[in-house]
file entry.cif (mmCIF, N, CA and C atoms)
data_data
#
loop_
_atom_site.label_atom_id
_atom_site.label_comp_id
_atom_site.auth_asym_id
_atom_site.auth_seq_id
_atom_site.Cartn_x
_atom_site.Cartn_y
_atom_site.Cartn_z
N MET A 1 96.62 1.08 45.41
CA MET A 1 97.89 1.30 46.07
C MET A 1 97.73 1.32 47.59
N VAL A 2 96.76 2.11 48.06
CA VAL A 2 96.55 2.21 49.50
C VAL A 2 96.07 0.88 50.06
N THR A 3 95.24 0.16 49.28
CA THR A 3 94.70 -1.11 49.74
C THR A 3 95.82 -2.12 49.99
N THR A 4 96.80 -2.13 49.13
CA THR A 4 97.90 -3.09 49.31
C THR A 4 98.74 -2.75 50.53
N LEU A 5 98.74 -1.51 50.93
CA LEU A 5 99.49 -1.12 52.12
C LEU A 5 98.71 -1.39 53.40
N LEU A 6 97.39 -1.25 53.34
CA LEU A 6 96.57 -1.43 54.53
C LEU A 6 96.18 -2.89 54.79
N LEU A 7 96.27 -3.73 53.79
CA LEU A 7 95.88 -5.12 53.95
C LEU A 7 96.69 -5.85 55.03
N PRO A 8 98.00 -5.80 55.05
CA PRO A 8 98.74 -6.48 56.13
C PRO A 8 98.43 -5.92 57.52
N ALA A 9 98.23 -4.61 57.60
CA ALA A 9 97.89 -4.02 58.91
C ALA A 9 96.52 -4.49 59.37
N GLY A 10 95.57 -4.59 58.45
CA GLY A 10 94.23 -5.07 58.79
C GLY A 10 94.23 -6.52 59.22
N LEU A 11 95.02 -7.33 58.54
CA LEU A 11 95.12 -8.75 58.92
C LEU A 11 95.75 -8.91 60.30
N ALA A 12 96.75 -8.12 60.59
CA ALA A 12 97.40 -8.19 61.91
C ALA A 12 96.43 -7.74 63.01
N LEU A 13 95.68 -6.69 62.74
CA LEU A 13 94.71 -6.21 63.72
C LEU A 13 93.61 -7.24 63.96
N ASN A 14 93.14 -7.87 62.89
CA ASN A 14 92.12 -8.90 63.00
C ASN A 14 92.63 -10.08 63.83
N ARG A 15 93.85 -10.51 63.59
CA ARG A 15 94.44 -11.63 64.34
C ARG A 15 94.56 -11.28 65.82
N HIS A 16 94.95 -10.04 66.12
CA HIS A 16 95.09 -9.60 67.51
C HIS A 16 93.73 -9.60 68.22
N CYS A 17 92.72 -9.04 67.57
CA CYS A 17 91.38 -8.98 68.19
C CYS A 17 90.80 -10.36 68.39
N LYS A 18 90.99 -11.24 67.41
CA LYS A 18 90.47 -12.60 67.52
C LYS A 18 91.12 -13.35 68.68
N ALA A 19 92.42 -13.17 68.85
CA ALA A 19 93.13 -13.82 69.96
C ALA A 19 92.67 -13.26 71.30
N LYS A 20 92.43 -11.96 71.37
CA LYS A 20 92.00 -11.33 72.61
C LYS A 20 90.62 -11.85 73.03
N TYR A 21 89.68 -11.88 72.09
CA TYR A 21 88.33 -12.35 72.43
C TYR A 21 88.29 -13.85 72.65
N SER A 22 89.15 -14.58 71.98
CA SER A 22 89.23 -16.02 72.19
C SER A 22 89.68 -16.33 73.61
N SER A 23 90.71 -15.64 74.08
CA SER A 23 91.18 -15.88 75.44
C SER A 23 90.16 -15.42 76.47
N LEU A 24 89.41 -14.37 76.17
CA LEU A 24 88.36 -13.91 77.08
C LEU A 24 87.25 -14.95 77.20
N LEU A 25 86.81 -15.51 76.07
CA LEU A 25 85.76 -16.53 76.11
C LEU A 25 86.22 -17.78 76.87
N GLN A 26 87.46 -18.20 76.65
CA GLN A 26 87.96 -19.38 77.35
C GLN A 26 88.12 -19.12 78.84
N ALA A 27 88.43 -17.89 79.22
CA ALA A 27 88.57 -17.56 80.64
C ALA A 27 87.23 -17.61 81.37
N VAL A 28 86.14 -17.35 80.66
CA VAL A 28 84.82 -17.36 81.28
C VAL A 28 84.22 -18.76 81.29
N GLY A 29 84.83 -19.70 80.58
CA GLY A 29 84.36 -21.07 80.64
C GLY A 29 83.84 -21.63 79.33
N TYR A 30 83.86 -20.86 78.25
CA TYR A 30 83.40 -21.36 76.96
C TYR A 30 84.43 -22.34 76.40
N THR A 31 83.95 -23.33 75.63
CA THR A 31 84.81 -24.36 75.07
C THR A 31 84.80 -24.26 73.54
N LEU A 32 85.94 -24.38 72.92
CA LEU A 32 86.06 -24.32 71.47
C LEU A 32 85.76 -25.70 70.90
N VAL A 33 84.77 -25.78 70.01
CA VAL A 33 84.39 -27.04 69.37
C VAL A 33 84.26 -26.82 67.87
N THR A 34 84.25 -27.92 67.12
CA THR A 34 84.03 -27.88 65.68
C THR A 34 82.62 -28.38 65.41
N ASP A 35 81.83 -27.60 64.67
CA ASP A 35 80.46 -28.05 64.37
C ASP A 35 80.46 -28.95 63.15
N ARG A 36 79.27 -29.35 62.70
CA ARG A 36 79.15 -30.30 61.59
C ARG A 36 79.72 -29.78 60.28
N THR A 37 79.70 -28.47 60.10
CA THR A 37 80.20 -27.90 58.85
C THR A 37 81.70 -27.65 58.88
N GLY A 38 82.34 -27.89 60.02
CA GLY A 38 83.78 -27.72 60.13
C GLY A 38 84.20 -26.37 60.68
N ARG A 39 83.24 -25.52 61.06
CA ARG A 39 83.57 -24.21 61.61
C ARG A 39 83.85 -24.33 63.10
N MET A 40 84.79 -23.54 63.57
CA MET A 40 85.12 -23.51 64.99
C MET A 40 84.13 -22.59 65.70
N ARG A 41 83.52 -23.08 66.78
CA ARG A 41 82.55 -22.30 67.53
C ARG A 41 82.82 -22.47 69.02
N TYR A 42 82.34 -21.52 69.79
CA TYR A 42 82.47 -21.58 71.25
C TYR A 42 81.14 -22.01 71.84
N VAL A 43 81.19 -23.01 72.71
CA VAL A 43 80.00 -23.53 73.38
C VAL A 43 79.98 -22.97 74.79
N PRO A 44 78.80 -22.50 75.25
CA PRO A 44 78.70 -21.97 76.61
C PRO A 44 79.02 -23.04 77.65
N PRO A 45 79.27 -22.62 78.89
CA PRO A 45 79.63 -23.58 79.94
C PRO A 45 78.61 -24.69 80.16
N ASP A 46 77.31 -24.42 79.95
CA ASP A 46 76.31 -25.48 80.16
C ASP A 46 76.26 -26.46 78.99
N GLY A 47 76.95 -26.18 77.89
CA GLY A 47 77.05 -27.10 76.77
C GLY A 47 75.92 -27.04 75.79
N ARG A 48 74.95 -26.17 75.98
CA ARG A 48 73.80 -26.08 75.07
C ARG A 48 74.01 -24.90 74.13
N LEU A 49 73.81 -25.16 72.85
CA LEU A 49 73.91 -24.10 71.86
C LEU A 49 72.59 -23.34 71.78
N PRO A 50 72.62 -22.07 71.45
CA PRO A 50 71.38 -21.30 71.31
C PRO A 50 70.50 -21.88 70.22
N GLY A 51 69.19 -21.86 70.47
CA GLY A 51 68.25 -22.34 69.47
C GLY A 51 67.87 -23.79 69.62
N HIS A 52 68.41 -24.51 70.58
CA HIS A 52 68.04 -25.91 70.77
C HIS A 52 66.99 -26.01 71.85
N GLY A 53 65.96 -26.78 71.57
CA GLY A 53 64.90 -26.95 72.53
C GLY A 53 63.77 -25.96 72.30
N ASN A 54 62.67 -26.21 72.93
CA ASN A 54 61.49 -25.35 72.80
C ASN A 54 61.35 -24.52 74.07
N PRO A 55 61.53 -23.20 73.99
CA PRO A 55 61.43 -22.38 75.19
C PRO A 55 60.01 -22.29 75.74
N PHE A 56 59.00 -22.66 74.93
CA PHE A 56 57.61 -22.56 75.36
C PHE A 56 57.01 -23.90 75.75
N ALA A 57 57.86 -24.92 75.94
CA ALA A 57 57.36 -26.26 76.24
C ALA A 57 56.67 -26.32 77.60
N GLY A 58 57.20 -25.64 78.59
CA GLY A 58 56.56 -25.58 79.90
C GLY A 58 56.64 -26.86 80.69
N GLY A 59 57.53 -27.77 80.39
CA GLY A 59 57.71 -29.00 81.18
C GLY A 59 56.58 -29.98 81.07
N MET A 60 55.98 -30.11 79.91
CA MET A 60 54.87 -31.06 79.75
C MET A 60 55.34 -32.47 79.66
#
call {"tool": "encode", "arguments": {"input": "entry.cif", "output": "structure tokens"}}
result
Amino acid sequence: MVTTLLLPAGLALNRHCKAKYSSLLQAVGYTLVTDRTGRMRYVPPDGRLPGHGNPFAGGM
């Protein structure tokens, strides 16, 4: 009973928080893109996703 009453409030709160953080990321320069699996992700201003490249390469 309580779950059915709290579900709409939880969904509204989730939508509000998602919109707030989305606008914050876009204001700092992040870009919304779709990855290969179809999920929406934010790319940093330099365009590189975390985990790409070898941090220990040392410019060889």
call {"tool": "residues_around", "arguments": {"input": "entry.cif", "residues": "Gly47 in chain A", "least_positions_apart": "6", "cutoff": "12 Å", "atoms": "only C-alpha atoms", "output": "list in words"}}
result
Gly29, Tyr30, Thr31, Leu32, Val33 and Arg41 of chain A
call {"tool": "select_by_dssp", "arguments": {"input": "entry.cif", "residues": "chain A", "states": "alpha helix (DSSP H)", "output": "VMD selection string"}}
result
chain A and resid 2 to 28
call {"tool": "write_last_selection", "arguments": {"input": "entry.cif", "atoms": "N, CA and C atoms", "output": "PDB file, keeping the file's coordinate frame"}}
result
ATOM      1  N   VAL A   2      96.760   2.110  48.060  1.00  0.00           N
ATOM      2  CA  VAL A   2      96.550   2.210  49.500  1.00  0.00           C
ATOM      3  C   VAL A   2      96.070   0.880  50.060  1.00  0.00           C
ATOM      4  N   THR A   3      95.240   0.160  49.280  1.00  0.00           N
ATOM      5  CA  THR A   3      94.700  -1.110  49.740  1.00  0.00           C
ATOM      6  C   THR A   3      95.820  -2.120  49.990  1.00  0.00           C
ATOM      7  N   THR A   4      96.800  -2.130  49.130  1.00  0.00           N
ATOM      8  CA  THR A   4      97.900  -3.090  49.310  1.00  0.00           C
ATOM      9  C   THR A   4      98.740  -2.750  50.530  1.00  0.00           C
ATOM     10  N   LEU A   5      98.740  -1.510  50.930  1.00  0.00           N
ATOM     11  CA  LEU A   5      99.490  -1.120  52.120  1.00  0.00           C
ATOM     12  C   LEU A   5      98.710  -1.390  53.400  1.00  0.00           C
ATOM     13  N   LEU A   6      97.390  -1.250  53.340  1.00  0.00           N
ATOM     14  CA  LEU A   6      96.570  -1.430  54.530  1.00  0.00           C
ATOM     15  C   LEU A   6      96.180  -2.890  54.790  1.00  0.00           C
ATOM     16  N   LEU A   7      96.270  -3.730  53.790  1.00  0.00           N
ATOM     17  CA  LEU A   7      95.880  -5.120  53.950  1.00  0.00           C
ATOM     18  C   LEU A   7      96.690  -5.850  55.030  1.00  0.00           C
ATOM     19  N   PRO A   8      98.000  -5.800  55.050  1.00  0.00           N
ATOM     20  CA  PRO A   8      98.740  -6.480  56.130  1.00  0.00           C
ATOM     21  C   PRO A   8      98.430  -5.920  57.520  1.00  0.00           C
ATOM     22  N   ALA A   9      98.230  -4.610  57.600  1.00  0.00           N
ATOM     23  CA  ALA A   9      97.890  -4.020  58.910  1.00  0.00           C
ATOM     24  C   ALA A   9      96.520  -4.490  59.370  1.00  0.00           C
ATOM     25  N   GLY A  10      95.570  -4.590  58.450  1.00  0.00           N
ATOM     26  CA  GLY A  10      94.230  -5.070  58.790  1.00  0.00           C
ATOM     27  C   GLY A  10      94.230  -6.520  59.220  1.00  0.00           C
ATOM     28  N   LEU A  11      95.020  -7.330  58.540  1.00  0.00           N
ATOM     29  CA  LEU A  11      95.120  -8.750  58.920  1.00  0.00           C
ATOM     30  C   LEU A  11      95.750  -8.910  60.300  1.00  0.00           C
ATOM     31  N   ALA A  12      96.750  -8.120  60.590  1.00  0.00           N
ATOM     32  CA  ALA A  12      97.400  -8.190  61.910  1.00  0.00           C
ATOM     33  C   ALA A  12      96.430  -7.740  63.010  1.00  0.00           C
ATOM     34  N   LEU A  13      95.680  -6.690  62.740  1.00  0.00           N
ATOM     35  CA  LEU A  13      94.710  -6.210  63.720  1.00  0.00           C
ATOM     36  C   LEU A  13      93.610  -7.240  63.960  1.00  0.00           C
ATOM     37  N   ASN A  14      93.140  -7.870  62.890  1.00  0.00           N
ATOM     38  CA  ASN A  14      92.120  -8.900  63.000  1.00  0.00           C
ATOM     39  C   ASN A  14      92.630 -10.080  63.830  1.00  0.00           C
ATOM     40  N   ARG A  15      93.850 -10.510  63.590  1.00  0.00           N
ATOM     41  CA  ARG A  15      94.440 -11.630  64.340  1.00  0.00           C
ATOM     42  C   ARG A  15      94.560 -11.280  65.820  1.00  0.00           C
ATOM     43  N   HIS A  16      94.950 -10.040  66.120  1.00  0.00           N
ATOM     44  CA  HIS A  16      95.090  -9.600  67.510  1.00  0.00           C
ATOM     45  C   HIS A  16      93.730  -9.600  68.220  1.00  0.00           C
ATOM     46  N   CYS A  17      92.720  -9.040  67.570  1.00  0.00           N
ATOM     47  CA  CYS A  17      91.380  -8.980  68.190  1.00  0.00           C
ATOM     48  C   CYS A  17      90.800 -10.360  68.390  1.00  0.00           C
ATOM     49  N   LYS A  18      90.990 -11.240  67.410  1.00  0.00           N
ATOM     50  CA  LYS A  18      90.470 -12.600  67.520  1.00  0.00           C
ATOM     51  C   LYS A  18      91.120 -13.350  68.680  1.00  0.00           C
ATOM     52  N   ALA A  19      92.420 -13.170  68.850  1.00  0.00           N
ATOM     53  CA  ALA A  19      93.130 -13.820  69.960  1.00  0.00           C
ATOM     54  C   ALA A  19      92.670 -13.260  71.300  1.00  0.00           C
ATOM     55  N   LYS A  20      92.430 -11.960  71.370  1.00  0.00           N
ATOM     56  CA  LYS A  20      92.000 -11.330  72.610  1.00  0.00           C
ATOM     57  C   LYS A  20      90.620 -11.850  73.030  1.00  0.00           C
ATOM     58  N   TYR A  21      89.680 -11.880  72.090  1.00  0.00           N
ATOM     59  CA  TYR A  21      88.330 -12.350  72.430  1.00  0.00           C
ATOM     60  C   TYR A  21      88.290 -13.850  72.650  1.00  0.00           C
ATOM     61  N   SER A  22      89.150 -14.580  71.980  1.00  0.00           N
ATOM     62  CA  SER A  22      89.230 -16.020  72.190  1.00  0.00           C
ATOM     63  C   SER A  22      89.680 -16.330  73.610  1.00  0.00           C
ATOM     64  N   SER A  23      90.710 -15.640  74.080  1.00  0.00           N
ATOM     65  CA  SER A  23      91.180 -15.880  75.440  1.00  0.00           C
ATOM     66  C   SER A  23      90.160 -15.420  76.470  1.00  0.00           C
ATOM     67  N   LEU A  24      89.410 -14.370  76.170  1.00  0.00           N
ATOM     68  CA  LEU A  24      88.360 -13.910  77.080  1.00  0.00           C
ATOM     69  C   LEU A  24      87.250 -14.950  77.200  1.00  0.00           C
ATOM     70  N   LEU A  25      86.810 -15.510  76.070  1.00  0.00           N
ATOM     71  CA  LEU A  25      85.760 -16.530  76.110  1.00  0.00           C
ATOM     72  C   LEU A  25      86.220 -17.780  76.870  1.00  0.00           C
ATOM     73  N   GLN A  26      87.460 -18.200  76.650  1.00  0.00           N
ATOM     74  CA  GLN A  26      87.960 -19.380  77.350  1.00  0.00           C
ATOM     75  C   GLN A  26      88.120 -19.120  78.840  1.00  0.00           C
ATOM     76  N   ALA A  27      88.430 -17.890  79.220  1.00  0.00           N
ATOM     77  CA  ALA A  27      88.570 -17.560  80.640  1.00  0.00           C
ATOM     78  C   ALA A  27      87.230 -17.610  81.370  1.00  0.00           C
ATOM     79  N   VAL A  28      86.140 -17.350  80.660  1.00  0.00           N
ATOM     80  CA  VAL A  28      84.820 -17.360  81.280  1.00  0.00           C
ATOM     81  C   VAL A  28      84.220 -18.760  81.290  1.00  0.00           C
TER      82      VAL A  28
END
call {"tool": "closest_residue", "arguments": {"input": "entry.cif", "among": "A:Tyr42, A:Arg15, A:Arg48, A:Ala9", "to": "Val28 in chain A", "atoms": "only C-alpha atoms"}}
result
A:Tyr42
call {"tool": "axis_aligned_box", "arguments": {"input": "entry.cif", "around": "range 11-21 of chain A", "padding_each_side": "8 Å", "output": "lines of an AutoDock Vina configuration file"}}
result
center_x = 92.8
center_y = -10.0
center_z = 65.8
size_x = 25.1
size_y = 23.6
size_z = 30.5
call {"tool": "atom_distance", "arguments": {"input": "entry.cif", "atom1": "atom N of Cys17 in chain A", "atom2": "atom C of Met40 in chain A"}}
result
16.2 Å
call {"tool": "atom_distance", "arguments": {"input": "entry.cif", "atom1": "CA of Gly10 in chain A", "atom2": "CA of Ser23 in chain A"}}
result
20.1 Å
call {"tool": "select_by_dssp", "arguments": {"input": "entry.cif", "residues": "chain A", "states": "strand (DSSP E)", "output": "PyMOL selection string"}}
result
chain A and resi 31-34+40-43
call {"tool": "atom_distance", "arguments": {"input": "entry.cif", "atom1": "atom C of Ala19 in chain A", "atom2": "CA of Asp46 in chain A"}}
result
22.3 Å
